[in-house]
file my_file39.cif (mmCIF, C-alpha atoms and all ligand atoms)
data_upload
loop_
_atom_site.label_atom_id
_atom_site.label_comp_id
_atom_site.auth_asym_id
_atom_site.auth_seq_id
_atom_site.Cartn_x
_atom_site.Cartn_y
_atom_site.Cartn_z
CA MET A 746 -20.07 5.62 -1.10
CA SER A 747 -19.68 8.57 1.22
CA ILE A 748 -16.62 8.59 3.42
CA SER A 749 -16.53 10.44 6.66
CA PHE A 750 -13.44 10.62 8.82
CA PRO A 751 -12.97 13.03 11.72
CA THR A 752 -10.81 15.98 10.74
CA ALA A 753 -7.58 16.45 12.64
CA PRO A 754 -7.96 19.08 15.36
CA ALA A 755 -5.75 22.16 15.74
CA ILE A 756 -2.22 21.56 17.01
CA GLY A 757 -2.17 21.39 20.81
CA THR A 758 -5.78 20.25 21.17
CA PRO A 759 -6.06 17.68 23.99
CA MET A 760 -6.54 14.25 22.40
CA SER A 761 -7.74 10.86 23.53
CA ALA A 762 -4.84 8.38 23.79
CA THR A 763 -7.17 5.55 22.75
CA ASN A 764 -10.17 5.05 20.51
CA ALA A 765 -11.53 1.77 21.84
CA SER A 766 -14.29 0.42 19.63
CA ASP A 767 -15.69 -2.93 18.57
CA ALA A 768 -15.58 -1.80 14.97
CA ALA A 769 -11.88 -0.93 15.13
CA ARG A 770 -11.04 -4.25 16.77
CA ARG A 771 -13.04 -6.10 14.16
CA LEU A 772 -11.34 -4.22 11.34
CA ILE A 773 -7.87 -5.12 12.59
CA ALA A 774 -8.60 -8.69 13.68
CA LEU A 775 -10.43 -9.64 10.48
CA ARG A 776 -8.56 -7.55 7.93
CA ARG A 777 -8.33 -9.38 4.62
CA SER A 778 -6.75 -8.42 1.32
CA VAL A 779 -8.50 -9.16 -1.93
CA SER A 780 -6.64 -11.06 -4.61
CA LYS A 781 -5.20 -9.06 -7.52
CA ARG A 782 -7.86 -10.69 -9.71
CA GLY A 783 -10.65 -9.91 -7.28
CA LEU A 784 -11.13 -6.17 -7.70
CA THR A 785 -13.59 -4.31 -9.87
CA THR A 786 -15.37 -0.95 -10.16
CA PRO A 787 -16.33 1.28 -8.53
CA GLY A 788 -13.37 2.64 -6.64
CA PRO A 789 -13.00 5.77 -4.55
CA ASN A 790 -13.50 8.98 -6.53
CA GLU A 791 -10.91 11.76 -6.42
CA ASP A 792 -12.31 13.44 -3.29
CA GLU A 793 -12.75 10.14 -1.47
CA LEU A 794 -9.25 9.06 -2.38
CA ASP A 795 -7.77 12.37 -1.22
CA THR A 796 -9.46 11.79 2.13
CA LEU A 797 -8.06 8.26 2.35
CA LEU A 798 -4.57 9.47 1.49
CA THR A 799 -4.80 12.26 4.06
CA VAL A 800 -5.86 9.84 6.78
CA ALA A 801 -3.16 7.37 5.72
CA THR A 802 -0.43 9.94 6.37
CA ARG A 803 -1.32 9.93 10.06
CA VAL A 804 1.37 7.36 10.61
CA PRO A 805 4.34 7.08 13.00
CA ASP A 806 7.05 9.26 11.44
CA HIS A 807 10.19 9.91 13.52
CA ARG A 808 11.03 13.62 13.48
CA ARG A 809 8.17 14.37 11.12
CA LEU A 810 10.05 13.91 7.85
CA SER A 811 7.12 12.68 5.73
CA PRO A 812 9.57 10.33 4.00
CA TRP A 813 7.00 9.07 1.50
CA ARG A 814 4.70 10.29 -1.24
CA PHE A 815 1.90 8.96 -3.44
CA ILE A 816 1.50 8.56 -7.19
CA VAL A 817 -2.16 8.01 -8.11
CA PHE A 818 -3.27 6.11 -11.19
CA GLU A 819 -6.97 6.33 -11.97
CA GLY A 820 -9.40 6.46 -14.87
CA ASP A 821 -8.38 6.13 -18.50
CA ARG A 822 -4.85 7.40 -17.79
CA ARG A 823 -4.12 3.90 -16.46
CA ARG A 824 -4.38 2.59 -20.04
CA GLU A 825 -1.23 4.43 -21.16
CA ILE A 826 0.95 2.59 -18.67
CA GLY A 827 0.69 -1.00 -19.88
CA PRO A 828 2.66 -0.62 -23.14
CA ALA A 829 5.42 1.34 -21.36
CA LEU A 830 5.72 -1.35 -18.69
CA VAL A 831 5.89 -4.09 -21.31
CA ASP A 832 8.76 -2.28 -23.08
CA ILE A 833 10.63 -1.98 -19.79
CA GLN A 834 10.08 -5.62 -18.91
CA LYS A 835 11.37 -6.71 -22.31
CA GLN A 836 14.55 -4.66 -21.79
CA GLU A 837 15.15 -5.69 -18.20
CA ASN A 838 14.14 -9.32 -18.48
CA PRO A 839 14.80 -10.87 -21.89
CA GLU A 840 13.40 -14.11 -20.51
CA ALA A 841 9.94 -12.65 -19.89
CA THR A 842 7.40 -14.87 -21.63
CA GLU A 843 4.44 -13.69 -23.69
CA THR A 844 2.21 -14.64 -20.76
CA MET A 845 4.25 -12.49 -18.38
CA LEU A 846 4.17 -9.56 -20.79
CA ALA A 847 0.42 -9.86 -21.28
CA ASP A 848 0.00 -9.94 -17.51
CA THR A 849 2.14 -6.83 -17.15
CA ALA A 850 0.13 -4.99 -19.81
CA GLY A 851 -2.93 -5.29 -17.58
CA TYR A 852 -1.33 -4.51 -14.22
CA PHE A 853 -2.87 -1.07 -13.72
CA LEU A 854 -6.25 -2.14 -15.07
CA ARG A 855 -6.80 -4.68 -12.30
CA ALA A 856 -8.41 -2.09 -10.03
CA PRO A 857 -10.12 1.25 -10.67
CA VAL A 858 -7.60 3.05 -8.46
CA VAL A 859 -3.93 2.22 -8.01
CA VAL A 860 -1.75 4.15 -5.58
CA GLY A 861 2.01 3.89 -5.83
CA VAL A 862 3.52 4.53 -2.42
CA VAL A 863 7.00 5.95 -2.83
CA SER A 864 9.48 5.60 0.00
CA SER A 865 11.39 8.85 -0.10
CA PRO A 866 13.94 8.80 2.73
CA ASP A 867 16.32 11.63 3.52
CA TYR A 868 19.77 9.96 3.57
CA GLU A 869 21.39 13.00 5.16
CA HIS A 870 19.03 13.14 8.11
CA LYS A 871 19.94 11.78 11.54
CA THR A 872 16.75 9.69 11.55
CA PRO A 873 17.97 6.33 10.19
CA VAL A 874 16.84 5.48 6.67
CA TRP A 875 15.52 2.16 8.03
CA GLU A 876 13.08 4.05 10.26
CA GLN A 877 11.96 6.18 7.36
CA GLU A 878 11.38 3.08 5.24
CA LEU A 879 9.42 1.41 8.03
CA SER A 880 7.22 4.49 8.12
CA ALA A 881 6.47 3.98 4.40
CA GLY A 882 5.40 0.40 5.15
CA ALA A 883 3.16 1.63 7.95
CA LEU A 884 1.68 4.15 5.53
CA CYS A 885 0.73 1.36 3.12
CA LEU A 886 -1.07 -0.59 5.82
CA ASN A 887 -2.76 2.56 7.10
CA LEU A 888 -4.08 3.27 3.61
CA LEU A 889 -5.38 -0.27 3.29
CA LEU A 890 -7.11 -0.05 6.67
CA ALA A 891 -8.58 3.37 5.89
CA ALA A 892 -9.90 2.00 2.59
CA ASN A 893 -11.38 -1.12 4.24
CA ALA A 894 -12.97 1.04 6.94
CA SER A 895 -14.65 3.01 4.16
CA GLY A 896 -15.99 -0.04 2.35
CA TRP A 897 -13.26 -0.36 -0.29
CA ALA A 898 -11.45 -3.59 -0.88
CA GLY A 899 -7.77 -3.62 -1.67
CA CYS A 900 -4.41 -5.28 -1.78
CA TRP A 901 -0.78 -4.25 -1.45
CA LEU A 902 1.48 -5.62 -4.18
CA THR A 903 5.06 -5.00 -5.13
CA GLU A 904 5.72 -7.37 -8.09
CA TRP A 905 8.66 -6.68 -10.38
CA ILE A 906 7.58 -3.08 -11.00
CA SER A 907 8.64 -2.08 -7.48
CA PHE A 908 12.20 -3.25 -8.13
CA SER A 909 12.75 -1.94 -11.64
CA PRO A 910 15.11 0.94 -12.51
CA GLY A 911 13.12 1.47 -15.71
CA VAL A 912 9.80 1.78 -13.87
CA ASN A 913 11.41 4.16 -11.38
CA ARG A 914 12.51 6.32 -14.31
CA LEU A 915 9.08 6.08 -15.98
CA PHE A 916 7.43 7.47 -12.85
CA ASN A 917 10.19 10.02 -12.14
CA LEU A 918 11.49 8.58 -8.89
CA SER A 919 14.79 10.06 -7.74
CA ASP A 920 17.88 7.87 -7.23
CA THR A 921 17.16 7.66 -3.49
CA GLU A 922 13.49 6.77 -3.84
CA ARG A 923 11.84 3.40 -4.33
CA PHE A 924 8.35 1.95 -4.34
CA ALA A 925 7.11 0.54 -1.05
CA GLY A 926 4.47 -0.99 -3.27
CA PHE A 927 1.24 -0.34 -5.09
CA LEU A 928 -2.14 -0.29 -3.37
CA TYR A 929 -4.91 -1.57 -5.61
CA LEU A 930 -8.29 -0.25 -4.44
CA GLY A 931 -11.83 -0.89 -5.58
CA THR A 932 -14.80 -3.14 -4.99
CA ALA A 933 -14.43 -6.83 -4.24
CA SER A 934 -15.91 -8.94 -7.03
CA GLY A 935 -16.49 -11.72 -4.49
CA ASP A 936 -15.84 -12.35 -0.84
CA PRO A 937 -12.34 -13.62 -0.08
CA GLN A 938 -11.87 -16.67 2.10
CA GLU A 939 -9.83 -16.89 5.24
CA ARG A 940 -6.28 -18.08 4.65
CA LEU A 941 -3.81 -19.78 6.93
CA ARG A 942 -2.62 -17.40 9.64
CA PRO A 943 0.52 -17.71 11.71
CA ASP A 944 0.39 -19.15 15.18
CA ALA A 945 1.69 -16.18 17.11
CA GLN A 946 2.63 -18.11 20.23
CA PRO A 947 5.96 -19.54 18.98
CA LEU A 948 6.86 -16.06 17.74
CA ILE A 949 6.53 -14.55 21.18
CA GLN A 950 9.50 -14.63 23.50
CA ARG A 951 9.22 -13.14 26.96
CA TRP A 952 12.74 -12.05 27.56
CA SER A 953 14.62 -12.77 30.71
CA SER A 954 18.36 -12.88 31.32
CA GLN A 955 18.02 -16.67 31.94
CA ASN A 956 17.14 -17.51 28.33
CA SER A 957 19.24 -15.02 26.40
C1 LIG B 1 5.41 -5.34 0.91
C2 LIG B 1 4.44 -6.36 0.42
C3 LIG B 1 4.47 -6.74 -0.91
C4 LIG B 1 3.59 -7.70 -1.40
N1 LIG B 1 3.65 -8.03 -2.71
C5 LIG B 1 2.86 -9.00 -3.19
C6 LIG B 1 2.95 -9.37 -4.56
O1 LIG B 1 3.74 -8.82 -5.32
N2 LIG B 1 2.13 -10.36 -5.00
C7 LIG B 1 1.24 -11.00 -4.16
O2 LIG B 1 0.53 -11.90 -4.60
N3 LIG B 1 1.14 -10.65 -2.85
C8 LIG B 1 1.92 -9.67 -2.36
N4 LIG B 1 1.84 -9.31 -1.04
C9 LIG B 1 0.86 -10.01 -0.16
C10 LIG B 1 -0.54 -9.40 -0.22
O3 LIG B 1 -0.52 -8.02 -0.05
C11 LIG B 1 -1.45 -9.97 0.88
O4 LIG B 1 -0.91 -9.67 2.13
C12 LIG B 1 -1.62 -11.46 0.74
O5 LIG B 1 -2.30 -11.74 -0.44
C13 LIG B 1 -2.39 -12.07 1.93
O6 LIG B 1 -3.58 -11.42 2.19
P1 LIG B 1 -3.88 -10.78 3.63
O7 LIG B 1 -3.34 -9.38 3.57
O8 LIG B 1 -5.36 -10.85 3.77
O9 LIG B 1 -3.15 -11.59 4.63
C14 LIG B 1 2.67 -8.33 -0.53
C15 LIG B 1 2.64 -7.94 0.81
C16 LIG B 1 3.52 -6.99 1.29
C17 LIG B 1 3.48 -6.60 2.74
#
call {"tool": "encode", "arguments": {"input": "my_file39.cif", "output": "structure tokens", "more": "lines below"}}
Ligand SMILES: Cc1cc2nc3c(=O)[nH]c(=O)nc-3n(C[C@H](O)[C@H](O)[C@H](O)COP(=O)(O)O)c2cc1C
result
Amino acid sequence: MSISFPTAPAIGTPMSATNASDAARRLIALRRSVSKRGLTTPGPNEDELDTLLTVATRVPDHRRLSPWRFIVFEGDRRREIGPALVDIQKQENPEATETMLADTAGYFLRAPVVVGVVSSPDYEHKTPVWEQELSAGALCLNLLLAANASGWAGCWLTEWISFSPGVNRLFNLSDTERFAGFLYLGTASGDPQERLRPDAQPLIQRWSSQNS
């Protein structure tokens, strides 16, 4: 699958403030994740993935801190992770069942490419950490949309591995970093179905001083 995204122009180049297109509207309005059991090969190759990751970083980022980074898991190297995760789960959760451990052993084999998105905020900076963390969330969605726009299916999962001190140590996260999640990317083994979506109307309040 060949991916083609426009390259970013030189700094200061006049830009369009909008990119209105049917395709973009369709992508956003009909975006759908694939289940964690619904991904198979092929996935993006190294060059294609680098392009997706580059595009994904074009995300709102207050004061340009780049408060995030990626850890990529692809190919046979994914096989080394399962046993290490199982050991960590046994230590951190003595109540983990054999089924849970077997599930964990296969986590990184559920898709040909797995991208750990690390939220890496600067706690000393005047930009609030909350804003930096929100930027990491936006980065995850941007990556998913860039992948979908290129023909790759995917899903964004956290699971216990995003909240585990042992997993953070395994992947060399610093004390101030955490996983925003893992993006599983590949080819859909079947078409997902629509799921229930929220009714946005009750979530929308048009503020006026009368109803505050
Ligand atoms: C931060 C974050 C973490 C998530 N973690 C999980 C998870 O651990 N397991 C899971 O089944 N879905 C998880 N989801 C939900 C899926 O990514 C996905 O949104 C859901 O399956 C619905 O599909 P949709 O994206 O097409 O609405 C998570 C979503 C977000 C935003």
call {"tool": "residues_near_ligand", "arguments": {"input": "my_file39.cif", "ligand": "ligand LIG 1 (chain B)", "cutoff": "9 Å", "atoms": "all atoms listed in the file", "output": "MDAnalysis selection string"}}
result
chainID A and resid 775:781 882 885:886 899:907 925:928 937:942
call {"tool": "atom_distance", "arguments": {"input": "my_file39.cif", "atom1": "atom CA of Thr799 of chain A", "atom2": "atom CA of Leu884 of chain A"}}
result
10.5 Å
call {"tool": "closest_residue", "arguments": {"input": "my_file39.cif", "among": "A:Leu930, A:Ile756, A:Leu854, A:Val874", "to": "Asp821 of chain A", "atoms": "all atoms listed in the file"}}
result
A:Leu854
call {"tool": "closest_residue", "arguments": {"input": "my_file39.cif", "among": "A:Gln950, A:Thr844, A:Thr796, A:Thr872", "to": "Ala753 of chain A", "atoms": "only C-alpha atoms"}}
result
A:Thr796
call {"tool": "atom_distance", "arguments": {"input": "my_file39.cif", "atom1": "atom CA of Gly935 of chain A", "atom2": "atom CA of Pro787 of chain A"}}
result
13.6 Å
call {"tool": "closest_residue", "arguments": {"input": "my_file39.cif", "among": "A:Leu830, A:Val912, A:Ala891, A:Ala768", "to": "Ser749 of chain A", "atoms": "all atoms listed in the file"}}
result
A:Ala891
call {"tool": "closest_residue", "arguments": {"input": "my_file39.cif", "among": "A:Met845, A:Val860, A:Ala762, A:Leu888", "to": "Val800 of chain A", "atoms": "all atoms listed in the file"}}
result
A:Leu888
call {"tool": "closest_residue", "arguments": {"input": "my_file39.cif", "among": "A:Arg923, A:Arg822, A:Arg770, A:Arg809", "to": "Gly861 of chain A", "atoms": "only C-alpha atoms"}}
result
A:Arg923
call {"tool": "residues_near_point", "arguments": {"input": "my_file39.cif", "point": "(11.4, 8.6, 2.0)", "cutoff": "6 Å", "atoms": "all atoms listed in the file", "output": "list in words"}}
result
Pro812, Trp813, Ser864, Ser865, Pro866, Asp867 and Gln877 of chain A
call {"tool": "decode", "arguments": {"input": "my_file39.cif", "residues": "segment 807-929 of chain A", "atoms": "C-alpha atoms", "output": "tab-separated table (two decimals), in the first residue's frame"}}
result
chain	number	residue	atom	x	y	z
A	807	HIS	CA	0.85	24.62	23.26
A	808	ARG	CA	4.27	26.30	23.11
A	809	ARG	CA	5.65	23.58	20.88
A	810	LEU	CA	6.91	21.25	23.60
A	811	SER	CA	6.42	17.94	21.73
A	812	PRO	CA	5.39	16.41	25.07
A	813	TRP	CA	5.08	12.90	23.65
A	814	ARG	CA	7.11	10.22	21.91
A	815	PHE	CA	6.58	6.86	20.22
A	816	ILE	CA	7.84	3.36	20.93
A	817	VAL	CA	7.34	1.10	17.90
A	818	PHE	CA	6.89	-2.66	18.16
A	819	GLU	CA	7.00	-4.51	14.86
A	820	GLY	CA	8.12	-7.79	13.32
A	821	ASP	CA	9.55	-10.67	15.31
A	822	ARG	CA	10.77	-8.36	18.08
A	823	ARG	CA	7.16	-8.31	19.31
A	824	ARG	CA	7.56	-11.97	20.34
A	825	GLU	CA	10.06	-11.14	23.09
A	826	ILE	CA	7.58	-8.95	24.94
A	827	GLY	CA	4.90	-11.46	25.92
A	828	PRO	CA	6.91	-13.42	28.52
A	829	ALA	CA	8.19	-10.20	30.12
A	830	LEU	CA	4.64	-8.83	30.39
A	831	VAL	CA	3.40	-12.07	31.93
A	832	ASP	CA	6.13	-11.90	34.60
A	833	ILE	CA	5.15	-8.32	35.41
A	834	GLN	CA	1.47	-9.16	35.58
A	835	LYS	CA	2.16	-12.05	37.96
A	836	GLN	CA	4.12	-9.72	40.26
A	837	GLU	CA	1.68	-6.82	40.14
A	838	ASN	CA	-1.54	-8.81	40.19
A	839	PRO	CA	-1.32	-12.09	42.09
A	840	GLU	CA	-4.98	-12.63	41.25
A	841	ALA	CA	-4.36	-12.74	37.50
A	842	THR	CA	-5.86	-15.95	36.15
A	843	GLU	CA	-4.24	-18.29	33.63
A	844	THR	CA	-6.65	-16.91	31.03
A	845	MET	CA	-5.56	-13.35	31.76
A	846	LEU	CA	-1.89	-14.31	31.58
A	847	ALA	CA	-2.38	-16.15	28.29
A	848	ASP	CA	-4.17	-13.09	26.93
A	849	THR	CA	-1.32	-10.85	28.04
A	850	ALA	CA	1.26	-13.12	26.39
A	851	GLY	CA	-0.35	-12.38	23.04
A	852	TYR	CA	-0.97	-8.65	23.45
A	853	PHE	CA	1.68	-7.44	21.02
A	854	LEU	CA	0.93	-10.17	18.49
A	855	ARG	CA	-2.62	-8.96	17.90
A	856	ALA	CA	-1.51	-6.58	15.15
A	857	PRO	CA	1.54	-6.43	12.87
A	858	VAL	CA	2.44	-2.98	14.18
A	859	VAL	CA	1.94	-1.65	17.69
A	860	VAL	CA	2.83	1.93	18.60
A	861	GLY	CA	3.15	2.91	22.24
A	862	VAL	CA	2.38	6.60	22.58
A	863	VAL	CA	4.23	7.99	25.57
A	864	SER	CA	2.95	11.14	27.23
A	865	SER	CA	6.11	12.96	28.21
A	866	PRO	CA	5.11	16.24	29.86
A	867	ASP	CA	7.55	18.83	31.15
A	868	TYR	CA	6.44	19.42	34.77
A	869	GLU	CA	8.63	22.51	35.09
A	870	HIS	CA	7.17	24.27	32.08
A	871	LYS	CA	4.54	27.00	32.38
A	872	THR	CA	2.30	25.11	29.94
A	873	PRO	CA	0.06	23.08	32.29
A	874	VAL	CA	0.75	19.34	32.37
A	875	TRP	CA	-2.96	18.79	31.62
A	876	GLU	CA	-2.57	20.58	28.29
A	877	GLN	CA	0.48	18.52	27.47
A	878	GLU	CA	-1.40	15.32	28.27
A	879	LEU	CA	-4.34	16.39	26.14
A	880	SER	CA	-1.91	16.89	23.28
A	881	ALA	CA	-0.80	13.25	23.69
A	882	GLY	CA	-4.43	12.15	23.40
A	883	ALA	CA	-4.85	14.24	20.27
A	884	LEU	CA	-1.70	12.63	18.89
A	885	CYS	CA	-3.23	9.17	19.35
A	886	LEU	CA	-6.37	10.11	17.45
A	887	ASN	CA	-4.34	11.83	14.75
A	888	LEU	CA	-2.31	8.65	14.26
A	889	LEU	CA	-5.46	6.57	14.02
A	890	LEU	CA	-6.98	8.96	11.47
A	891	ALA	CA	-3.76	9.10	9.44
A	892	ALA	CA	-3.67	5.28	9.42
A	893	ASN	CA	-7.34	4.99	8.40
A	894	ALA	CA	-6.81	7.59	5.67
A	895	SER	CA	-4.02	5.38	4.33
A	896	GLY	CA	-6.09	2.20	4.33
A	897	TRP	CA	-4.88	0.75	7.64
A	898	ALA	CA	-7.27	-0.37	10.31
A	899	GLY	CA	-6.51	0.21	13.94
A	900	CYS	CA	-7.55	0.65	17.53
A	901	TRP	CA	-6.35	2.58	20.56
A	902	LEU	CA	-6.09	0.50	23.72
A	903	THR	CA	-4.70	1.15	27.15
A	904	GLU	CA	-5.41	-2.06	29.13
A	905	TRP	CA	-3.43	-2.74	32.30
A	906	ILE	CA	-0.09	-2.27	30.54
A	907	SER	CA	-0.65	1.50	30.35
A	908	PHE	CA	-0.97	1.72	34.13
A	909	SER	CA	1.81	-0.59	35.24
A	910	PRO	CA	5.03	0.58	36.93
A	911	GLY	CA	6.69	-2.65	35.78
A	912	VAL	CA	5.76	-2.10	32.13
A	913	ASN	CA	6.96	1.50	32.37
A	914	ARG	CA	10.31	0.20	33.61
A	915	LEU	CA	10.44	-2.50	30.91
A	916	PHE	CA	10.09	0.13	28.21
A	917	ASN	CA	12.35	2.68	29.95
A	918	LEU	CA	9.79	5.36	30.67
A	919	SER	CA	10.97	8.05	33.07
A	920	ASP	CA	9.17	8.71	36.36
A	921	THR	CA	7.24	11.59	34.78
A	922	GLU	CA	6.17	9.67	31.68
A	923	ARG	CA	3.20	7.40	31.12
A	924	PHE	CA	1.51	5.63	28.24
A	925	ALA	CA	-1.35	7.48	26.58
A	926	GLY	CA	-2.03	4.08	25.09
A	927	PHE	CA	-1.02	1.66	22.40
A	928	LEU	CA	-2.14	1.98	18.79
A	929	TYR	CA	-2.60	-1.39	17.12
